[in-house]
Each structure stands twice: as C-alpha cells, then as structure tokens.
$ cat input_37.tsv   # TSV, C-alpha atoms
chain	number	residue	atom	x	y	z
T	1	MET	CA	-36.05	-53.69	-4.09
T	2	GLU	CA	-36.69	-50.00	-4.57
T	3	LEU	CA	-35.67	-47.29	-2.15
T	4	THR	CA	-38.36	-46.32	0.32
T	5	ASP	CA	-39.01	-42.84	1.70
T	6	ARG	CA	-37.34	-44.00	4.90
T	7	ASP	CA	-34.23	-45.09	2.92
T	8	ARG	CA	-34.08	-41.69	1.23
T	9	ALA	CA	-34.31	-39.97	4.60
T	10	ILE	CA	-31.57	-42.07	6.20
T	11	TYR	CA	-29.16	-42.02	3.25
T	12	GLU	CA	-29.95	-38.50	2.03
T	13	TRP	CA	-26.43	-37.11	2.50
T	14	GLN	CA	-24.87	-40.28	1.07
T	15	ILE	CA	-27.07	-40.15	-2.02
T	16	TRP	CA	-25.69	-36.67	-2.63
T	17	VAL	CA	-22.24	-38.19	-3.31
T	18	ASN	CA	-21.46	-37.54	-6.96
T	19	GLY	CA	-21.63	-40.84	-8.82
T	20	LEU	CA	-23.57	-42.70	-6.12
T	21	GLY	CA	-27.04	-41.19	-6.26
T	22	ASP	CA	-30.36	-42.98	-6.03
T	23	SER	CA	-29.32	-45.74	-8.39
T	24	GLY	CA	-26.13	-46.50	-6.45
T	25	GLN	CA	-27.97	-46.51	-3.15
T	26	GLN	CA	-30.50	-48.94	-4.59
T	27	LYS	CA	-27.69	-51.21	-5.74
T	28	LEU	CA	-26.31	-51.23	-2.20
T	29	LYS	CA	-29.74	-52.12	-0.83
T	30	ASN	CA	-29.87	-55.09	-3.19
T	31	SER	CA	-26.32	-56.31	-2.50
T	32	THR	CA	-24.95	-59.03	-0.24
T	33	ALA	CA	-21.40	-59.04	1.11
T	34	LEU	CA	-19.53	-61.82	2.91
T	35	ILE	CA	-17.05	-60.78	5.60
T	36	THR	CA	-14.66	-63.27	7.22
T	37	ARG	CA	-13.51	-62.93	9.89
T	38	VAL	CA	-15.34	-60.15	11.81
T	39	GLY	CA	-12.58	-58.99	14.15
T	40	GLY	CA	-10.34	-55.94	14.14
T	41	LEU	CA	-10.74	-55.42	10.41
T	42	GLY	CA	-14.03	-57.17	9.73
T	43	GLY	CA	-15.89	-55.54	12.63
T	44	PRO	CA	-15.50	-51.88	11.66
T	45	LEU	CA	-15.86	-52.93	8.02
T	46	ALA	CA	-19.24	-54.52	8.73
T	47	GLN	CA	-20.25	-51.47	10.74
T	48	SER	CA	-19.48	-49.11	7.84
T	49	LEU	CA	-21.29	-51.28	5.32
T	50	ALA	CA	-24.35	-51.49	7.59
T	51	ALA	CA	-24.29	-47.73	8.09
T	52	ALA	CA	-24.13	-47.28	4.32
T	53	GLY	CA	-27.30	-49.28	3.78
T	54	LEU	CA	-26.07	-52.60	2.43
T	55	GLY	CA	-28.97	-55.02	2.07
T	56	LYS	CA	-27.41	-58.13	3.55
T	57	LEU	CA	-24.23	-59.22	5.31
T	58	ILE	CA	-22.98	-62.78	5.67
T	59	LEU	CA	-20.61	-62.94	8.63
T	60	ALA	CA	-18.32	-65.86	9.48
T	61	HIS	CA	-16.25	-65.98	12.67
T	62	GLY	CA	-15.77	-68.71	15.25
T	63	GLY	CA	-14.82	-68.58	18.90
T	64	ASN	CA	-15.74	-66.53	21.94
T	65	THR	CA	-14.97	-62.94	22.85
T	66	LYS	CA	-11.74	-62.42	24.80
T	67	HIS	CA	-10.43	-59.44	26.76
T	68	SER	CA	-7.68	-58.85	24.22
T	69	ASP	CA	-10.29	-58.45	21.44
T	70	LEU	CA	-11.84	-55.36	22.97
T	71	ASN	CA	-9.33	-52.68	21.88
T	72	ARG	CA	-10.19	-53.18	18.21
T	73	GLN	CA	-13.06	-55.63	17.62
T	74	ILE	CA	-15.65	-52.91	17.97
T	75	LEU	CA	-18.64	-55.18	17.43
T	76	GLN	CA	-17.75	-56.94	20.69
T	77	THR	CA	-18.87	-55.65	24.08
T	78	HIS	CA	-17.73	-56.34	27.62
T	79	ASP	CA	-20.87	-58.27	28.46
T	80	GLN	CA	-20.05	-60.61	25.57
T	81	LEU	CA	-16.83	-61.87	27.16
T	82	GLY	CA	-16.70	-65.67	27.00
T	83	LYS	CA	-19.68	-65.84	24.64
T	84	PRO	CA	-19.74	-66.45	20.85
T	85	ARG	CA	-18.39	-63.41	19.00
T	86	ILE	CA	-20.83	-63.79	16.15
T	87	GLU	CA	-23.83	-63.13	18.42
T	88	SER	CA	-22.50	-59.73	19.38
T	89	CYS	CA	-21.80	-58.93	15.72
T	90	ARG	CA	-25.43	-59.49	14.79
T	91	ARG	CA	-26.78	-57.57	17.78
T	92	ARG	CA	-24.58	-54.52	17.27
T	93	LEU	CA	-25.20	-54.28	13.53
T	94	VAL	CA	-28.97	-54.60	13.82
T	95	GLU	CA	-28.95	-51.86	16.49
T	96	LEU	CA	-27.21	-49.63	13.97
T	97	ASN	CA	-29.35	-50.63	10.98
T	98	PRO	CA	-32.60	-52.46	11.80
T	99	GLN	CA	-33.31	-52.97	8.08
T	100	ILE	CA	-30.16	-54.94	7.36
T	101	GLU	CA	-30.40	-58.71	6.92
T	102	ILE	CA	-27.65	-60.59	8.78
T	103	GLU	CA	-26.73	-64.21	8.14
T	104	THR	CA	-24.20	-65.63	10.57
T	105	CYS	CA	-21.85	-68.58	10.62
T	106	GLY	CA	-20.22	-69.27	13.98
T	107	GLU	CA	-17.18	-70.85	12.32
T	108	ASN	CA	-14.13	-69.56	10.56
T	109	VAL	CA	-13.95	-70.23	6.83
T	110	SER	CA	-12.93	-73.80	6.03
T	111	GLU	CA	-12.91	-76.30	3.18
T	112	GLU	CA	-16.32	-77.47	4.40
T	113	ASN	CA	-18.12	-74.12	4.41
T	114	VAL	CA	-16.31	-71.84	1.95
T	115	ARG	CA	-18.30	-72.80	-1.12
T	116	GLY	CA	-21.66	-72.11	0.51
T	117	LEU	CA	-20.47	-68.87	2.13
T	118	VAL	CA	-19.10	-67.40	-1.11
T	119	SER	CA	-22.05	-68.53	-3.24
T	120	GLY	CA	-24.45	-66.34	-1.26
T	121	ALA	CA	-22.46	-63.12	-1.77
T	122	ASP	CA	-22.08	-60.55	-4.52
T	123	LEU	CA	-18.78	-59.41	-3.01
T	124	VAL	CA	-16.37	-60.98	-0.53
T	125	PHE	CA	-14.19	-59.21	2.02
T	126	ASP	CA	-11.16	-61.09	3.28
T	127	CYS	CA	-10.26	-60.05	6.83
T	128	ALA	CA	-8.82	-63.30	8.19
T	129	PRO	CA	-5.68	-63.48	10.40
T	130	LEU	CA	-4.28	-66.62	8.76
T	131	PHE	CA	-2.93	-67.15	5.24
T	132	GLU	CA	-4.62	-70.55	5.07
T	133	GLU	CA	-8.04	-68.90	5.31
T	134	ARG	CA	-7.14	-66.07	2.94
T	135	LEU	CA	-5.82	-68.39	0.25
T	136	LEU	CA	-8.83	-70.69	0.62
T	137	LEU	CA	-11.22	-67.77	0.22
T	138	ASN	CA	-9.21	-66.51	-2.75
T	139	ARG	CA	-9.35	-69.88	-4.45
T	140	GLU	CA	-13.10	-70.09	-4.04
T	141	CYS	CA	-13.69	-66.53	-5.21
T	142	VAL	CA	-11.66	-67.25	-8.36
T	143	ARG	CA	-13.60	-70.48	-8.88
T	144	GLN	CA	-16.95	-68.73	-8.48
T	145	GLN	CA	-15.76	-65.55	-10.26
T	146	LYS	CA	-16.67	-63.38	-7.28
T	147	PRO	CA	-14.83	-60.11	-6.63
T	148	LEU	CA	-12.72	-60.07	-3.48
T	149	VAL	CA	-11.50	-57.12	-1.43
T	150	ASP	CA	-8.39	-58.24	0.46
T	151	ALA	CA	-7.47	-56.09	3.48
T	152	ALA	CA	-4.62	-56.89	5.85
T	153	MET	CA	-2.48	-55.26	8.47
T	154	PHE	CA	0.56	-55.76	10.67
T	155	GLU	CA	1.32	-53.49	13.61
T	156	MET	CA	1.20	-49.91	12.29
T	157	GLU	CA	0.99	-50.86	8.60
T	158	GLY	CA	-1.76	-52.06	6.32
T	159	GLN	CA	-2.45	-53.05	2.76
T	160	LEU	CA	-5.47	-53.31	0.49
T	161	THR	CA	-6.28	-54.51	-3.00
T	162	THR	CA	-9.40	-55.42	-4.99
T	163	ILE	CA	-9.30	-58.71	-6.85
T	164	ILE	CA	-11.45	-59.26	-9.94
T	165	PRO	CA	-10.83	-62.88	-11.03
T	166	GLY	CA	-9.38	-63.00	-14.53
T	167	ARG	CA	-8.66	-59.30	-14.64
T	168	THR	CA	-6.33	-58.61	-11.72
T	169	PRO	CA	-3.77	-60.61	-9.77
T	170	CYS	CA	-5.42	-62.94	-7.30
T	171	LEU	CA	-3.96	-63.43	-3.84
T	172	ALA	CA	-2.08	-66.53	-4.99
T	173	CYS	CA	-0.34	-64.40	-7.64
T	174	LEU	CA	1.13	-62.41	-4.76
T	175	TYR	CA	1.58	-65.33	-2.34
T	176	PRO	CA	2.05	-68.60	-4.25
T	177	GLU	CA	2.67	-70.43	-0.98
T	178	ILE	CA	1.86	-69.96	2.67
T	179	PRO	CA	4.74	-67.80	3.89
T	180	PRO	CA	6.73	-69.13	6.84
T	181	GLY	CA	7.20	-67.22	10.04
T	182	TRP	CA	3.88	-65.32	10.01
T	183	LYS	CA	3.14	-64.11	13.53
T	184	ARG	CA	-0.60	-63.68	13.98
T	185	GLU	CA	-0.32	-61.95	17.36
T	186	PHE	CA	1.31	-58.54	17.04
T	187	PRO	CA	1.09	-55.03	18.50
T	188	VAL	CA	-2.10	-53.37	17.24
T	189	ILE	CA	-4.01	-50.16	17.80
T	190	GLY	CA	-7.71	-50.31	16.95
T	191	ALA	CA	-7.52	-47.09	14.95
T	192	VAL	CA	-5.08	-48.69	12.51
T	193	SER	CA	-7.22	-51.76	11.86
T	194	ALA	CA	-10.30	-49.53	11.63
T	195	THR	CA	-8.52	-47.33	9.07
T	196	MET	CA	-7.83	-50.32	6.82
T	197	ALA	CA	-11.36	-51.58	7.44
T	198	ASN	CA	-12.92	-48.35	6.29
T	199	LEU	CA	-10.71	-48.14	3.23
T	200	ALA	CA	-11.90	-51.66	2.39
T	201	ALA	CA	-15.51	-50.61	2.99
T	202	LEU	CA	-15.06	-47.74	0.53
T	203	GLU	CA	-13.69	-50.15	-2.09
T	204	GLY	CA	-16.70	-52.37	-1.63
T	205	LEU	CA	-19.21	-49.54	-1.75
T	206	LYS	CA	-17.65	-48.16	-4.95
T	207	LEU	CA	-17.66	-51.59	-6.57
T	208	LEU	CA	-21.25	-52.39	-5.65
T	209	ALA	CA	-22.70	-48.93	-6.37
T	210	GLY	CA	-20.61	-48.49	-9.52
T	211	PHE	CA	-18.66	-45.26	-9.00
T	212	GLY	CA	-15.12	-44.10	-8.37
T	213	GLU	CA	-11.86	-45.92	-9.09
T	214	LEU	CA	-10.96	-49.27	-7.61
T	215	LEU	CA	-7.64	-50.61	-6.38
T	216	THR	CA	-7.50	-53.12	-9.22
T	217	ASN	CA	-3.98	-54.17	-10.24
T	218	THR	CA	-2.91	-51.94	-7.36
T	219	LEU	CA	-1.79	-52.63	-3.81
T	220	LEU	CA	-2.40	-49.72	-1.46
T	221	ILE	CA	0.05	-49.75	1.43
T	222	PHE	CA	-0.30	-47.54	4.47
T	223	ASP	CA	2.18	-46.66	7.19
T	224	ALA	CA	0.44	-45.17	10.21
T	225	ARG	CA	3.76	-44.08	11.78
T	226	SER	CA	4.58	-41.71	8.93
T	227	MET	CA	1.03	-41.38	7.54
T	228	ASP	CA	2.37	-42.38	4.13
T	229	PHE	CA	0.12	-43.99	1.55
T	230	ARG	CA	1.63	-45.64	-1.51
T	231	LYS	CA	-0.05	-47.27	-4.50
T	232	ILE	CA	2.02	-50.13	-5.87
T	233	ALA	CA	1.37	-51.51	-9.36
T	234	ILE	CA	0.93	-55.32	-9.21
T	235	GLN	CA	0.50	-57.87	-12.00
T	236	ARG	CA	-1.07	-61.25	-12.57
T	237	ARG	CA	1.28	-64.21	-12.73
T	238	PRO	CA	0.62	-66.11	-15.99
T	239	ASP	CA	1.68	-69.33	-14.22
T	240	CYS	CA	-0.56	-68.79	-11.17
T	241	LEU	CA	-1.99	-72.16	-10.16
T	242	VAL	CA	-5.22	-70.53	-8.99
T	243	CYS	CA	-6.09	-67.90	-11.61
T	244	GLY	CA	-3.62	-68.54	-14.44
T	245	SER	CA	-6.29	-70.05	-16.71
T	246	CYS	CA	-8.97	-67.57	-15.69
T	247	ARG	CA	-10.33	-65.33	-18.46
T	248	PRO	CA	-11.39	-61.74	-17.76
T	249	PRO	CA	-15.11	-61.36	-17.10
T	250	GLY	CA	-17.06	-61.19	-20.36
T	251	VAL	CA	-14.26	-62.66	-22.47
T	252	GLN	CA	-15.35	-65.66	-24.53
T	253	GLU	CA	-13.19	-68.77	-24.77
T	254	PRO	CA	-11.60	-69.06	-28.23
T	255	SER	CA	-13.55	-71.50	-30.41
K	256	MET	CA	50.27	-63.11	-24.75
K	257	PRO	CA	50.61	-61.44	-21.34
K	258	ALA	CA	50.89	-58.12	-23.14
K	259	LEU	CA	47.71	-58.89	-25.12
K	260	GLN	CA	45.83	-59.88	-21.91
K	261	ALA	CA	47.03	-56.66	-20.29
K	262	PHE	CA	45.69	-54.78	-23.33
K	263	HIS	CA	42.25	-56.43	-23.02
K	264	ASP	CA	42.23	-55.81	-19.29
K	265	SER	CA	42.88	-52.15	-19.91
K	266	GLN	CA	39.85	-52.04	-22.23
K	267	ARG	CA	37.48	-53.52	-19.59
K	268	PRO	CA	34.71	-50.95	-19.01
K	269	LEU	CA	35.37	-49.05	-15.83
K	270	ALA	CA	31.65	-49.32	-14.95
K	271	SER	CA	32.04	-53.03	-14.15
K	272	ILE	CA	34.15	-52.22	-11.09
K	273	PHE	CA	31.89	-49.42	-9.82
K	274	GLN	CA	29.95	-49.79	-6.60
K	275	VAL	CA	26.52	-48.24	-6.18
K	276	LYS	CA	24.60	-47.18	-3.10
K	277	ILE	CA	21.23	-48.88	-2.65
K	278	THR	CA	18.96	-48.19	0.30
K	279	VAL	CA	16.74	-51.07	1.37
K	280	GLN	CA	13.58	-50.16	3.28
K	281	LEU	CA	12.06	-52.97	5.33
K	282	LEU	CA	8.27	-53.03	5.68
K	283	GLY	CA	5.74	-55.04	7.64
K	284	GLN	CA	6.99	-57.95	9.71
K	285	ALA	CA	10.56	-57.45	8.42
K	286	ARG	CA	10.60	-53.95	9.88
K	287	GLN	CA	9.62	-55.26	13.28
K	288	LEU	CA	12.37	-57.90	13.22
K	289	SER	CA	15.14	-55.54	12.14
K	290	PRO	CA	16.92	-53.04	14.43
K	291	THR	CA	16.58	-50.44	11.69
K	292	GLU	CA	13.93	-49.66	9.06
K	293	ARG	CA	16.44	-48.68	6.38
K	294	VAL	CA	19.75	-50.30	5.50
K	295	ILE	CA	22.28	-48.71	3.13
K	296	LEU	CA	24.23	-51.17	1.00
K	297	HIS	CA	27.15	-50.61	-1.32
K	298	VAL	CA	27.06	-53.28	-4.00
K	299	GLU	CA	28.35	-54.01	-7.44
K	300	GLU	CA	26.65	-51.97	-10.13
K	301	GLY	CA	23.96	-54.02	-11.84
K	302	ALA	CA	23.28	-56.20	-8.81
K	303	SER	CA	19.83	-57.73	-8.63
K	304	VAL	CA	17.62	-57.63	-5.55
K	305	ASP	CA	18.47	-61.31	-5.00
K	306	GLU	CA	22.14	-60.35	-4.88
K	307	LEU	CA	21.44	-57.69	-2.24
K	308	VAL	CA	19.95	-60.25	0.13
K	309	PRO	CA	23.15	-61.87	1.50
K	310	HIS	CA	24.56	-58.40	2.21
K	311	LEU	CA	21.31	-57.23	3.79
K	312	LEU	CA	21.04	-60.25	6.09
K	313	THR	CA	24.64	-60.37	7.30
K	314	GLY	CA	24.38	-60.48	11.08
K	315	ALA	CA	20.57	-60.46	10.98
K	316	PRO	CA	18.52	-62.64	13.35
K	317	ASP	CA	17.29	-66.02	12.12
K	318	SER	CA	13.72	-64.75	12.21
K	319	LEU	CA	14.54	-62.10	9.58
K	320	HIS	CA	16.30	-64.67	7.42
K	321	LEU	CA	13.17	-66.82	7.56
K	322	ILE	CA	10.89	-63.98	6.50
K	323	LEU	CA	13.05	-62.55	3.73
K	324	SER	CA	15.17	-65.26	2.19
K	325	GLU	CA	15.16	-68.73	0.74
K	326	ARG	CA	17.72	-70.91	-0.99
K	327	SER	CA	17.62	-71.83	-4.62
K	328	ASN	CA	20.38	-74.12	-5.89
K	329	GLU	CA	22.32	-73.36	-2.70
K	330	VAL	CA	22.18	-69.63	-3.42
K	331	GLN	CA	20.46	-67.27	-0.99
K	332	GLN	CA	17.80	-65.13	-2.66
K	333	LEU	CA	14.75	-63.06	-1.80
K	334	ARG	CA	11.86	-65.24	-0.67
K	335	ARG	CA	9.44	-65.23	-3.59
K	336	SER	CA	6.43	-64.22	-1.50
K	337	VAL	CA	8.22	-60.97	-0.52
K	338	MET	CA	7.47	-58.04	-2.80
K	339	ALA	CA	10.44	-55.99	-4.05
K	340	ILE	CA	9.28	-52.46	-4.84
K	341	ARG	CA	11.06	-49.61	-6.56
K	342	ASN	CA	9.36	-46.40	-7.65
K	343	ASN	CA	6.01	-47.89	-6.56
K	344	GLU	CA	6.32	-50.81	-8.96
K	345	THR	CA	7.23	-54.39	-8.22
K	346	ILE	CA	10.51	-55.52	-9.74
K	347	GLU	CA	11.71	-58.99	-10.58
K	348	PRO	CA	14.21	-59.92	-7.83
K	349	SER	CA	16.45	-61.95	-10.14
K	350	ALA	CA	16.78	-59.27	-12.82
K	351	ARG	CA	20.14	-57.54	-13.05
K	352	ASP	CA	20.87	-54.00	-14.22
K	353	LEU	CA	17.61	-52.58	-12.89
K	354	LEU	CA	18.91	-50.85	-9.78
K	355	LYS	CA	20.78	-47.57	-10.19
K	356	ASP	CA	23.01	-45.66	-7.81
K	357	GLY	CA	20.89	-43.97	-5.15
K	358	ASP	CA	17.81	-46.16	-5.64
K	359	GLU	CA	15.63	-47.21	-2.73
K	360	VAL	CA	14.10	-50.66	-2.76
K	361	SER	CA	11.29	-51.57	-0.36
K	362	LEU	CA	10.84	-55.18	0.72
K	363	LEU	CA	7.27	-56.03	1.74
K	364	PRO	CA	6.71	-59.47	3.26
K	365	PRO	CA	3.18	-60.89	3.21
K	366	MET	CA	0.81	-59.66	5.87
K	367	SER	CA	-2.37	-61.28	7.07
K	368	GLY	CA	-3.43	-59.39	10.14
K	369	GLY	CA	-7.20	-59.10	10.45

$ encode --input "input_37.tsv" --output "structure tokens"
Amino acid sequence: MELTDRDRAIYEWQIWVNGLGDSGQQKLKNSTALITRVGGLGGPLAQSLAAAGLGKLILAHGGNTKHSDLNRQILQTHDQLGKPRIESCRRRLVELNPQIEIETCGENVSEENVRGLVSGADLVFDCAPLFEERLLLNRECVRQQKPLVDAAMFEMEGQLTTIIPGRTPCLACLYPEIPPGWKREFPVIGAVSATMANLAALEGLKLLAGFGELLTNTLLIFDARSMDFRKIAIQRRPDCLVCGSCRPPGVQEPS
Amino acid sequence: MPALQAFHDSQRPLASIFQVKITVQLLGQARQLSPTERVILHVEEGASVDELVPHLLTGAPDSLHLILSERSNEVQQLRRSVMAIRNNETIEPSARDLLKDGDEVSLLPPMSGG
C-alpha cells in the first residue's frame, strides 16, 4: 500500500526523521507486529507503534482488567474493570489510529496458538511476565525465522535486546532453562515499564523501516534509580538447543 | 630433602598468595533480595566468578541462594542463567585469571517482567 495524502499529513514530522522518510513510513504501513502480552510493557508499546503508523497489530492477552493493572497498563480504563483486557486494547488503539488494523486473541501465548500468532507477523515483541511464554515465543520465532524484540523489566530496572534468528543469541542462549525463583509480582512504576516499552517500540520501528542501529548481539540494561544505561555485548551459544543449528539469514547450507 | 623443599617453597611466586579486591554489583531480582547493592570481596588472585559465589552468599537469605547459585559436582557456582558482566561484556563464570584487583563484576539474573 502506498502512502496517502492523509498519511503524509499525519506522519509529516516523523517522515522528516533522517533515514526514515517516505519509504520507511510506507514500510511501516505495510508491516504487521505481534505483541504478547499487552500489559505494562505491551500496552505503551502498542500505543507507540499505532501512533507511528504501523499497518497492523496482532495482540494476544488473556484475562480481565484488574485494579492493580491501572497504574501501568495504559490501554486499560476504569470502566473496563472485570471485563476482557483485549477489548480495551482494541478500543483505545483504534481511537488513537482509526486506520490501524487490529487482530486480537483473548488468550496468552500457548503451545496451541503460538504458531498461528507468529506466522501472521513480520516482527514479534515479547512482553510476557512468565519465562514459559517468553521461551515458547522465542522457540517459535527461531523456527519461523522471525525477528523478535525481547523487552523485560523488574522493579526499577529493565533490559532489551533484538533477536535475529541465526545471527544473534536467541533467548534460550541467555536462559537455557526456566530460572527458579522468578517473582512475577513486584514493585512497579508505570513510567519504568513505559520507558522500556518505548525503547522496544523504537527498535521495532528501526527494524521495520530500515534505519538506525539495532540492539543485535547487545543487551541494553537500564537502571531507573541511577538513570544509567549500559550496553552489554552478548553472544550466541553454539550448543543452544533452540538456535544452535540455525544459519544466519541468507546463508546457504553447505552442499 | 627438607632443605630442597624449603628452596622450592622460597621460589613460589609471591603473586599466588596475593588477595585482590573485587566488587560485586547485584542487579535485578538479586538486588531486591540483598540488603546491599554492592558487596566488596577479598579473594585469591585469579579467582573465577564461580569461586566468588560462596563468599558472596555467606549469610545470605535462601531466596538469594536460589536466584544466584547452583551446585555442580557438589561445588557451589553461579547459576548458569545469571549473567556475569565485567566492563560491559559477559564473562565465563568458570574461567580463572580474568578478574583483576579493583574489578567490578555485575551479576544480572534473568528478568521477565512485562
């Protein structure tokens, strides 16, 4: 799809970004991203992608809105309490960008739905609160050779990396097993999760539009107490059970 | 022979009995479980990150042990899903002779908050 006059009017100041331009904006319009889940990270992430003119979002998140969601899950509203979260996500995003196409799944990612969810996307964003879901999504993205932006946080800290199967470490390179003792309920300020969400959105926009540098082979870690950012060099594990046999994109198998 | 052994003992490099100061910074969930973000350790020169772990966790709550350590052949070591970082690069926890006097090592456990 080409950019319309309306698109050029709405995204005028964004198109001015050096390296993005008309062609980048058109790529965004023709791109589909999967976000799971759509909570403290996924919500503001979806909002920023919708505001940037992404063509389509696939959103997966089960359950109903709770009071404790409302300090950070900014796609939820008070009148949505007790009702399916995913309905509010659609409503809020379409209010922001009436042109965006939204496909929803009222379930969290699982063995049953992950293949279909990933197959519909050009890019996947991992914003789940459980390692089981993250590692499942990672496995499927490696299998389908889909790029994956992995964003996570804990209390006042966050981390972010972009995974290109075969070229960078996958999540299983970093976490070969589900780590014990993970506490999914923790102190959280919405501004911290939104910060990581928007950094993830920027990674996705750069990847899809084709400009800037990505956090490939790099883990960005952020400490909101000290406002320190650090970029940590990370490597693939040759013995990774998920991506160890994966070739970089475009590399032919030896004959 | 005792005189010969004494001679060889006198030739032992002095460096092998040096202690070095290593600061361990705890990140993520480990930081929340520890009373302090940074711990200063004095260890044998050449110690690996794995060898720091028993010193680091002396007196620590069980929850911090669970996050940071595991046992391999009855020896306590850094849990393999925890990232050991020095100078913004990951380092192999079992490797000796990487850490120098005054180094700071950050330990980053996995995080999955969304």

$ interface_residues --input "input_37.tsv" --of "chain K" --to "chain T" --cutoff "12 Å" --atoms "only C-alpha atoms" --output "VMD selection string"
chain K and resid 281 to 288 292 317 to 325 334 to 347 361 363 to 369

$ closest_residue --input "input_37.tsv" --among "T:Val118, T:Leu160, T:Val124, T:Ala46" --to "Leu220 of chain T" --atoms "all atoms listed in the file"
T:Leu160

$ atom_distance --input "input_37.tsv" --atom1 "atom CA of Gln76 of chain T" --atom2 "atom CA of Gly120 of chain T"
24.8 Å

$ atom_distance --input "input_37.tsv" --atom1 "atom CA of Gly314 of chain K" --atom2 "atom CA of Leu362 of chain K"
17.9 Å

$ atom_distance --input "input_37.tsv" --atom1 "atom CA of Lys27 of chain T" --atom2 "atom CA of Leu207 of chain T"
10.1 Å

$ residues_near_point --input "input_37.tsv" --point "(-4.4, -67.7, -11.3)" --cutoff "12 Å" --atoms "all atoms listed in the file" --output "PyMOL selection string"
chain T and resi 135+138-143+145+163-176+235-248

$ residues_around --input "input_37.tsv" --residues "Ala350 of chain K" --least-positions-apart "3" --cutoff "10 Å" --atoms "all atoms listed in the file" --output "PDB file with C-alpha atoms, in the coordinates of the input"
ATOM      1  CA  GLY K 301      23.960 -54.020 -11.840  1.00  0.00           C
ATOM      2  CA  ALA K 302      23.280 -56.200  -8.810  1.00  0.00           C
ATOM      3  CA  SER K 303      19.830 -57.730  -8.630  1.00  0.00           C
ATOM      4  CA  VAL K 304      17.620 -57.630  -5.550  1.00  0.00           C
ATOM      5  CA  ASP K 305      18.470 -61.310  -5.000  1.00  0.00           C
ATOM      6  CA  GLU K 306      22.140 -60.350  -4.880  1.00  0.00           C
ATOM      7  CA  ILE K 346      10.510 -55.520  -9.740  1.00  0.00           C
ATOM      8  CA  GLU K 347      11.710 -58.990 -10.580  1.00  0.00           C
ATOM      9  CA  LEU K 353      17.610 -52.580 -12.890  1.00  0.00           C
ATOM     10  CA  LEU K 354      18.910 -50.850  -9.780  1.00  0.00           C
TER      11      LEU K 354
END

$ closest_residue --input "input_37.tsv" --among "T:Asn198, T:Ser119, T:Thr161, T:Ser110" --to "Ala51 of chain T" --atoms "all atoms listed in the file"
T:Asn198

$ closest_residue --input "input_37.tsv" --among "T:Gln47, T:Leu117, T:Gln25, T:Ile35" --to "Arg91 of chain T" --atoms "all atoms listed in the file"
T:Gln47

$ build_atoms --input "input_37.tsv" --residues "segment 188-207 of chain T" --atoms "N, CA and C atoms" --output "PDB file, in the coordinates of the input"
ATOM      1  N   VAL T 188      -1.065 -53.952  18.110  1.00  0.00           N
ATOM      2  CA  VAL T 188      -2.100 -53.370  17.240  1.00  0.00           C
ATOM      3  C   VAL T 188      -2.902 -52.324  17.988  1.00  0.00           C
ATOM      4  N   ILE T 189      -3.121 -51.210  17.321  1.00  0.00           N
ATOM      5  CA  ILE T 189      -4.010 -50.160  17.800  1.00  0.00           C
ATOM      6  C   ILE T 189      -5.286 -50.243  16.980  1.00  0.00           C
ATOM      7  N   GLY T 190      -6.436 -50.166  17.644  1.00  0.00           N
ATOM      8  CA  GLY T 190      -7.710 -50.310  16.950  1.00  0.00           C
ATOM      9  C   GLY T 190      -7.885 -49.307  15.820  1.00  0.00           C
ATOM     10  N   ALA T 191      -7.350 -48.110  15.985  1.00  0.00           N
ATOM     11  CA  ALA T 191      -7.520 -47.090  14.950  1.00  0.00           C
ATOM     12  C   ALA T 191      -6.828 -47.478  13.648  1.00  0.00           C
ATOM     13  N   VAL T 192      -5.770 -48.265  13.735  1.00  0.00           N
ATOM     14  CA  VAL T 192      -5.080 -48.690  12.510  1.00  0.00           C
ATOM     15  C   VAL T 192      -5.915 -49.744  11.780  1.00  0.00           C
ATOM     16  N   SER T 193      -6.389 -50.736  12.523  1.00  0.00           N
ATOM     17  CA  SER T 193      -7.220 -51.760  11.860  1.00  0.00           C
ATOM     18  C   SER T 193      -8.518 -51.139  11.347  1.00  0.00           C
ATOM     19  N   ALA T 194      -9.061 -50.178  12.094  1.00  0.00           N
ATOM     20  CA  ALA T 194     -10.300 -49.530  11.630  1.00  0.00           C
ATOM     21  C   ALA T 194     -10.046 -48.685  10.379  1.00  0.00           C
ATOM     22  N   THR T 195      -8.863 -48.091  10.275  1.00  0.00           N
ATOM     23  CA  THR T 195      -8.520 -47.330   9.070  1.00  0.00           C
ATOM     24  C   THR T 195      -8.534 -48.240   7.847  1.00  0.00           C
ATOM     25  N   MET T 196      -7.856 -49.384   7.952  1.00  0.00           N
ATOM     26  CA  MET T 196      -7.830 -50.320   6.820  1.00  0.00           C
ATOM     27  C   MET T 196      -9.233 -50.843   6.544  1.00  0.00           C
ATOM     28  N   ALA T 197      -9.998 -51.076   7.607  1.00  0.00           N
ATOM     29  CA  ALA T 197     -11.360 -51.580   7.440  1.00  0.00           C
ATOM     30  C   ALA T 197     -12.217 -50.592   6.649  1.00  0.00           C
ATOM     31  N   ASN T 198     -12.096 -49.334   6.975  1.00  0.00           N
ATOM     32  CA  ASN T 198     -12.920 -48.350   6.290  1.00  0.00           C
ATOM     33  C   ASN T 198     -12.468 -48.083   4.869  1.00  0.00           C
ATOM     34  N   LEU T 199     -11.177 -48.211   4.623  1.00  0.00           N
ATOM     35  CA  LEU T 199     -10.710 -48.140   3.230  1.00  0.00           C
ATOM     36  C   LEU T 199     -11.280 -49.319   2.441  1.00  0.00           C
ATOM     37  N   ALA T 200     -11.314 -50.489   3.056  1.00  0.00           N
ATOM     38  CA  ALA T 200     -11.900 -51.660   2.390  1.00  0.00           C
ATOM     39  C   ALA T 200     -13.400 -51.449   2.161  1.00  0.00           C
ATOM     40  N   ALA T 201     -14.072 -50.874   3.142  1.00  0.00           N
ATOM     41  CA  ALA T 201     -15.510 -50.610   2.990  1.00  0.00           C
ATOM     42  C   ALA T 201     -15.749 -49.692   1.795  1.00  0.00           C
ATOM     43  N   LEU T 202     -14.917 -48.673   1.664  1.00  0.00           N
ATOM     44  CA  LEU T 202     -15.060 -47.740   0.530  1.00  0.00           C
ATOM     45  C   LEU T 202     -14.867 -48.473  -0.795  1.00  0.00           C
ATOM     46  N   GLU T 203     -13.881 -49.364  -0.868  1.00  0.00           N
ATOM     47  CA  GLU T 203     -13.690 -50.150  -2.090  1.00  0.00           C
ATOM     48  C   GLU T 203     -14.953 -50.939  -2.416  1.00  0.00           C
ATOM     49  N   GLY T 204     -15.506 -51.568  -1.409  1.00  0.00           N
ATOM     50  CA  GLY T 204     -16.700 -52.370  -1.630  1.00  0.00           C
ATOM     51  C   GLY T 204     -17.897 -51.533  -2.048  1.00  0.00           C
ATOM     52  N   LEU T 205     -18.076 -50.404  -1.412  1.00  0.00           N
ATOM     53  CA  LEU T 205     -19.210 -49.540  -1.750  1.00  0.00           C
ATOM     54  C   LEU T 205     -19.070 -49.019  -3.182  1.00  0.00           C
ATOM     55  N   LYS T 206     -17.866 -48.646  -3.573  1.00  0.00           N
ATOM     56  CA  LYS T 206     -17.650 -48.160  -4.950  1.00  0.00           C
ATOM     57  C   LYS T 206     -17.906 -49.276  -5.952  1.00  0.00           C
ATOM     58  N   LEU T 207     -17.460 -50.471  -5.636  1.00  0.00           N
ATOM     59  CA  LEU T 207     -17.660 -51.590  -6.570  1.00  0.00           C
ATOM     60  C   LEU T 207     -19.132 -51.907  -6.718  1.00  0.00           C
TER      61      LEU T 207
END
